[in-house]
file coords_12.cif (mmCIF, C-alpha atoms)
data_upload
#
loop_
_atom_site.group_PDB
_atom_site.id
_atom_site.type_symbol
_atom_site.label_atom_id
_atom_site.label_comp_id
_atom_site.auth_asym_id
_atom_site.auth_seq_id
_atom_site.Cartn_x
_atom_site.Cartn_y
_atom_site.Cartn_z
ATOM 1 C CA MET W 18 63.940 141.323 -0.570
ATOM 2 C CA ARG W 19 63.459 142.268 3.060
ATOM 3 C CA LYS W 20 64.113 145.924 2.210
ATOM 4 C CA ILE W 21 61.484 145.864 -0.563
ATOM 5 C CA CYS W 22 58.877 144.252 1.709
ATOM 6 C CA ASP W 23 59.642 146.468 4.713
ATOM 7 C CA SER W 24 59.420 149.663 2.653
ATOM 8 C CA HIS W 25 55.884 148.936 1.456
ATOM 9 C CA LEU W 26 53.057 150.910 3.087
ATOM 10 C CA GLU W 27 51.150 147.680 3.736
ATOM 11 C CA ASN W 28 54.171 145.709 4.976
ATOM 12 C CA LYS W 29 52.193 144.239 7.881
ATOM 13 C CA ARG W 30 50.250 142.152 5.340
ATOM 14 C CA ILE W 31 53.412 140.663 3.827
ATOM 15 C CA ARG W 32 54.811 137.368 5.137
ATOM 16 C CA LEU W 33 58.369 137.006 3.891
ATOM 17 C CA LYS W 34 60.204 133.716 4.029
ATOM 18 C CA THR W 35 63.880 133.733 3.060
ATOM 19 C CA PRO W 36 66.720 131.243 3.362
ATOM 20 C CA GLN W 37 69.808 131.889 5.465
ATOM 21 C CA GLN W 38 71.860 132.359 2.316
ATOM 22 C CA ALA W 39 70.637 133.369 -1.113
ATOM 23 C CA SER W 40 72.897 135.102 -3.572
ATOM 24 C CA LEU W 41 72.165 136.290 -7.071
ATOM 25 C CA GLN W 42 74.485 138.295 -9.322
ATOM 26 C CA SER W 43 72.098 140.541 -11.228
ATOM 27 C CA ASP W 44 70.863 144.092 -11.672
ATOM 28 C CA PRO W 45 69.476 145.208 -8.279
ATOM 29 C CA VAL W 46 67.326 147.981 -9.766
ATOM 30 C CA LEU W 47 65.592 145.653 -12.228
ATOM 31 C CA LEU W 48 65.143 143.006 -9.535
ATOM 32 C CA ALA W 49 63.528 145.625 -7.288
ATOM 33 C CA VAL W 50 61.113 146.591 -10.093
ATOM 34 C CA ILE W 51 60.195 142.929 -10.659
ATOM 35 C CA CYS W 52 59.689 142.127 -6.982
ATOM 36 C CA GLY W 53 58.015 145.421 -6.188
ATOM 37 C CA ASN W 54 55.467 145.064 -8.978
ATOM 38 C CA LEU W 55 54.542 141.498 -8.052
ATOM 39 C CA ILE W 56 54.111 142.459 -4.392
ATOM 40 C CA ASP W 57 52.173 145.645 -5.247
ATOM 41 C CA ASN W 58 49.773 143.663 -7.454
ATOM 42 C CA ALA W 59 49.308 141.001 -4.787
ATOM 43 C CA LEU W 60 48.409 143.639 -2.206
ATOM 44 C CA LYS W 61 46.206 145.625 -4.589
ATOM 45 C CA TYR W 62 44.147 142.700 -5.885
ATOM 46 C CA SER W 63 43.815 140.561 -2.749
ATOM 47 C CA PRO W 64 41.144 141.011 -0.065
ATOM 48 C CA PRO W 65 42.043 144.030 2.134
ATOM 49 C CA GLN W 66 42.981 142.193 5.338
ATOM 50 C CA SER W 67 44.499 139.086 3.753
ATOM 51 C CA LEU W 68 48.163 138.156 3.803
ATOM 52 C CA VAL W 69 50.537 138.131 0.853
ATOM 53 C CA HIS W 70 53.159 135.387 1.007
ATOM 54 C CA VAL W 71 56.591 136.089 -0.447
ATOM 55 C CA ASP W 72 58.895 133.090 -0.479
ATOM 56 C CA LEU W 73 62.501 133.401 -1.610
ATOM 57 C CA SER W 74 64.437 130.167 -1.912
ATOM 58 C CA ALA W 75 67.807 129.033 -3.181
ATOM 59 C CA GLN W 76 68.443 125.516 -4.360
ATOM 60 C CA GLY W 77 71.521 124.366 -6.196
ATOM 61 C CA ARG W 78 72.335 126.998 -8.764
ATOM 62 C CA SER W 79 68.953 128.710 -8.854
ATOM 63 C CA VAL W 80 67.026 131.327 -6.879
ATOM 64 C CA THR W 81 63.226 131.257 -6.909
ATOM 65 C CA LEU W 82 60.721 133.859 -5.805
ATOM 66 C CA LEU W 83 57.081 132.927 -5.168
ATOM 67 C CA VAL W 84 54.480 135.639 -4.592
ATOM 68 C CA GLU W 85 51.108 134.260 -3.534
ATOM 69 C CA ASN W 86 47.834 135.907 -2.535
ATOM 70 C CA LEU W 87 44.134 135.200 -2.302
ATOM 71 C CA ALA W 88 42.086 136.381 -5.269
ATOM 72 C CA GLY W 89 40.045 139.456 -4.382
ATOM 73 C CA THR W 90 36.914 140.868 -5.994
ATOM 74 C CA ALA W 91 38.708 141.114 -9.348
ATOM 75 C CA GLY W 92 39.010 137.342 -9.424
ATOM 76 C CA LEU W 93 41.797 135.360 -11.024
ATOM 77 C CA PRO W 94 43.658 136.764 -14.026
ATOM 78 C CA ASP W 95 43.346 134.795 -17.260
ATOM 79 C CA PRO W 96 46.502 132.628 -17.556
ATOM 80 C CA GLU W 97 46.452 133.016 -21.347
ATOM 81 C CA GLN W 98 46.471 136.822 -21.184
ATOM 82 C CA VAL W 99 48.059 137.816 -17.881
ATOM 83 C CA PHE W 100 51.420 138.838 -19.421
ATOM 84 C CA GLN W 101 49.939 140.547 -22.493
ATOM 85 C CA LYS W 102 50.368 144.273 -22.911
ATOM 86 C CA TYR W 103 47.316 146.211 -21.596
ATOM 87 C CA TYR W 104 45.552 143.095 -20.291
ATOM 88 C CA ARG W 105 43.375 143.683 -17.245
ATOM 89 C CA ASN W 106 40.752 141.360 -15.863
ATOM 90 C CA PRO W 107 37.406 143.048 -16.632
ATOM 91 C CA ARG W 108 36.539 142.928 -12.915
ATOM 92 C CA ALA W 109 39.809 144.705 -12.012
ATOM 93 C CA LYS W 110 38.749 148.040 -13.484
ATOM 94 C CA ALA W 111 37.984 149.450 -10.004
ATOM 95 C CA ALA W 112 41.717 149.421 -9.189
ATOM 96 C CA ILE W 113 44.108 151.894 -10.772
ATOM 97 C CA GLY W 114 46.319 150.405 -13.464
ATOM 98 C CA ALA W 115 47.102 150.343 -17.165
ATOM 99 C CA GLY W 116 47.740 146.655 -17.729
ATOM 100 C CA LEU W 117 51.461 147.174 -18.244
ATOM 101 C CA GLY W 118 52.980 145.955 -14.973
ATOM 102 C CA LEU W 119 53.109 142.210 -15.604
ATOM 103 C CA TYR W 120 54.013 142.774 -19.248
ATOM 104 C CA ILE W 121 57.025 144.822 -18.106
ATOM 105 C CA VAL W 122 57.881 142.330 -15.341
ATOM 106 C CA ARG W 123 57.977 139.462 -17.830
ATOM 107 C CA GLY W 124 60.207 141.496 -20.149
ATOM 108 C CA LEU W 125 62.614 142.343 -17.326
ATOM 109 C CA VAL W 126 62.726 138.738 -16.098
ATOM 110 C CA HIS W 127 63.604 137.568 -19.610
ATOM 111 C CA LEU W 128 66.176 140.375 -19.965
ATOM 112 C CA LEU W 129 67.869 138.989 -16.832
ATOM 113 C CA ALA W 130 67.783 135.453 -18.317
ATOM 114 C CA GLY W 131 65.125 134.253 -15.878
ATOM 115 C CA GLY W 132 61.711 132.680 -16.169
ATOM 116 C CA ILE W 133 58.295 133.645 -14.839
ATOM 117 C CA THR W 134 55.097 131.640 -14.587
ATOM 118 C CA TYR W 135 51.600 132.278 -13.316
ATOM 119 C CA LYS W 136 49.444 129.501 -11.978
ATOM 120 C CA PRO W 137 46.072 130.119 -10.364
ATOM 121 C CA THR W 138 45.329 127.494 -7.723
ATOM 122 C CA GLU W 139 42.037 127.204 -5.802
ATOM 123 C CA GLY W 140 41.318 130.926 -5.487
ATOM 124 C CA ARG W 141 44.983 131.847 -5.092
ATOM 125 C CA VAL W 142 47.180 133.853 -7.437
ATOM 126 C CA ILE W 143 50.737 132.485 -7.611
ATOM 127 C CA PHE W 144 53.619 133.990 -9.567
ATOM 128 C CA LYS W 145 56.943 132.168 -9.688
ATOM 129 C CA VAL W 146 60.171 133.822 -10.857
ATOM 130 C CA SER W 147 63.364 131.783 -11.254
ATOM 131 C CA PHE W 148 66.945 132.808 -11.978
ATOM 132 C CA ALA W 149 70.050 130.695 -12.490
ATOM 133 C CA CYS W 150 72.992 131.702 -10.301
#
call {"tool": "encode", "arguments": {"input": "coords_12.cif", "output": "C-alpha cells"}}
result
Amino acid sequence: MRKICDSHLENKRIRLKTPQQASLQSDPVLLAVICGNLIDNALKYSPPQSLVHVDLSAQGRSVTLLVENLAGTAGLPDPEQVFQKYYRNPRAKAAIGAGLGLYIVRGLVHLLAGGITYKPTEGRVIFKVSFAC
C-alpha cells in the first residue's frame, strides 16, 4: 500500500495509515489496480488541496481498506449507481473518465472474494474494501 501511495504524482495529499502487521494472500497486481483506482478517483474528484485518507487495517481474519476524501465540485456519487458500468455523476463530466473504473474495481474485488461498499457521509466520499485472510 505504501508503494502505491508513494508512487502517485500527488502523494503529498495522501495520508496513509497502516498497522504494524497486515498480511493478505492474494493477487498483488489486482490489488494494486483496486487500490490505485480508488486513490486516483479520490484525488481526481476531491478539492485540489484537500487530503485523501487511506486507512489499511487488519482485525482477526480480515483486512480492510478505507479510502476517504472530501467531495469536490462533482459532488457525491449516487450510491445506487456508483458501481454501474458507464455511470458518471453529471457534474463530473469536467474530469476525464469513462465510468468504468469503479465497475471494474467492484468486479475485481468480487473476483478476489472480497466486498466493497460506498457510503457518502456529510460531504465525504468513503469506499470500504474488505478481504478475509
call {"tool": "resolve_selection", "arguments": {"input": "coords_12.cif", "expression": "the PyMOL selection byres ((chain W and resi 113-121) around 9)", "output": "VMD selection string"}}
result
chain W and resid 51 54 to 55 58 99 to 106 109 to 112 122 to 126
call {"tool": "axis_aligned_box", "arguments": {"input": "coords_12.cif", "around": "segment 72-88 of chain W", "padding_each_side": "6 Å", "output": "JSON"}}
result
{"center_x": 57.2, "center_y": 130.4, "center_z": -4.7, "size_x": 42.2, "size_y": 24.0, "size_z": 20.4}
call {"tool": "residues_near_point", "arguments": {"input": "coords_12.cif", "point": "(72.2, 131.8, -10.3)", "cutoff": "10 Å", "atoms": "only C-alpha atoms", "output": "PyMOL selection string"}}
result
chain W and resi 39-43+75-81+130-131+147-150
call {"tool": "atom_distance", "arguments": {"input": "coords_12.cif", "atom1": "atom CA of Ile31 of chain W", "atom2": "atom CA of Leu48 of chain W"}}
result
17.9 Å
call {"tool": "atom_distance", "arguments": {"input": "coords_12.cif", "atom1": "atom CA of Gln38 of chain W", "atom2": "atom CA of Thr134 of chain W"}}
result
23.8 Å
call {"tool": "resolve_selection", "arguments": {"input": "coords_12.cif", "expression": "the PyMOL selection byres ((chain W and resi 137) around 10)", "output": "list in words"}}
result
Glu85, Asn86, Leu87, Ala88, Leu93, Pro94, Asp95, Pro96, Tyr135, Lys136, Thr138, Glu139, Gly140, Arg141, Val142, Ile143 and Phe144 of chain W
call {"tool": "closest_residue", "arguments": {"input": "coords_12.cif", "among": "W:Leu73, W:His25, W:Asp44, W:Thr35", "to": "Asp57 of chain W", "atoms": "all atoms listed in the file"}}
result
W:His25
call {"tool": "residues_around", "arguments": {"input": "coords_12.cif", "residues": "Ile21 of chain W", "least_positions_apart": "5", "cutoff": "9 Å", "atoms": "all atoms listed in the file", "output": "PDB file with C-alpha atoms, keeping the file's coordinate frame"}}
result
ATOM      1  CA  ALA W  49      63.528 145.625  -7.288  1.00  0.00           C
ATOM      2  CA  CYS W  52      59.689 142.127  -6.982  1.00  0.00           C
ATOM      3  CA  GLY W  53      58.015 145.421  -6.188  1.00  0.00           C
ATOM      4  CA  ILE W  56      54.111 142.459  -4.392  1.00  0.00           C
TER       5      ILE W  56
END
call {"tool": "atom_distance", "arguments": {"input": "coords_12.cif", "atom1": "atom CA of Val71 of chain W", "atom2": "atom CA of Lys34 of chain W"}}
result
6.2 Å
call {"tool": "closest_residue", "arguments": {"input": "coords_12.cif", "among": "W:Lys145, W:Asp72, W:Gln66, W:Lys61", "to": "Ala91 of chain W", "atoms": "only C-alpha atoms"}}
result
W:Lys61
call {"tool": "residues_around", "arguments": {"input": "coords_12.cif", "residues": "Thr90 of chain W", "least_positions_apart": "4", "cutoff": "8 Å", "atoms": "all atoms listed in the file", "output": "list of chain:residue names"}}
result
W:Tyr62, W:Ser63, W:Pro64, W:Arg108, W:Ala109
call {"tool": "closest_residue", "arguments": {"input": "coords_12.cif", "among": "W:Leu60, W:Val69, W:Leu82, W:Val146", "to": "Pro36 of chain W", "atoms": "only C-alpha atoms"}}
result
W:Leu82
call {"tool": "closest_residue", "arguments": {"input": "coords_12.cif", "among": "W:Arg32, W:Leu83, W:Pro45, W:Gln37", "to": "Ile133 of chain W", "atoms": "only C-alpha atoms"}}
result
W:Leu83
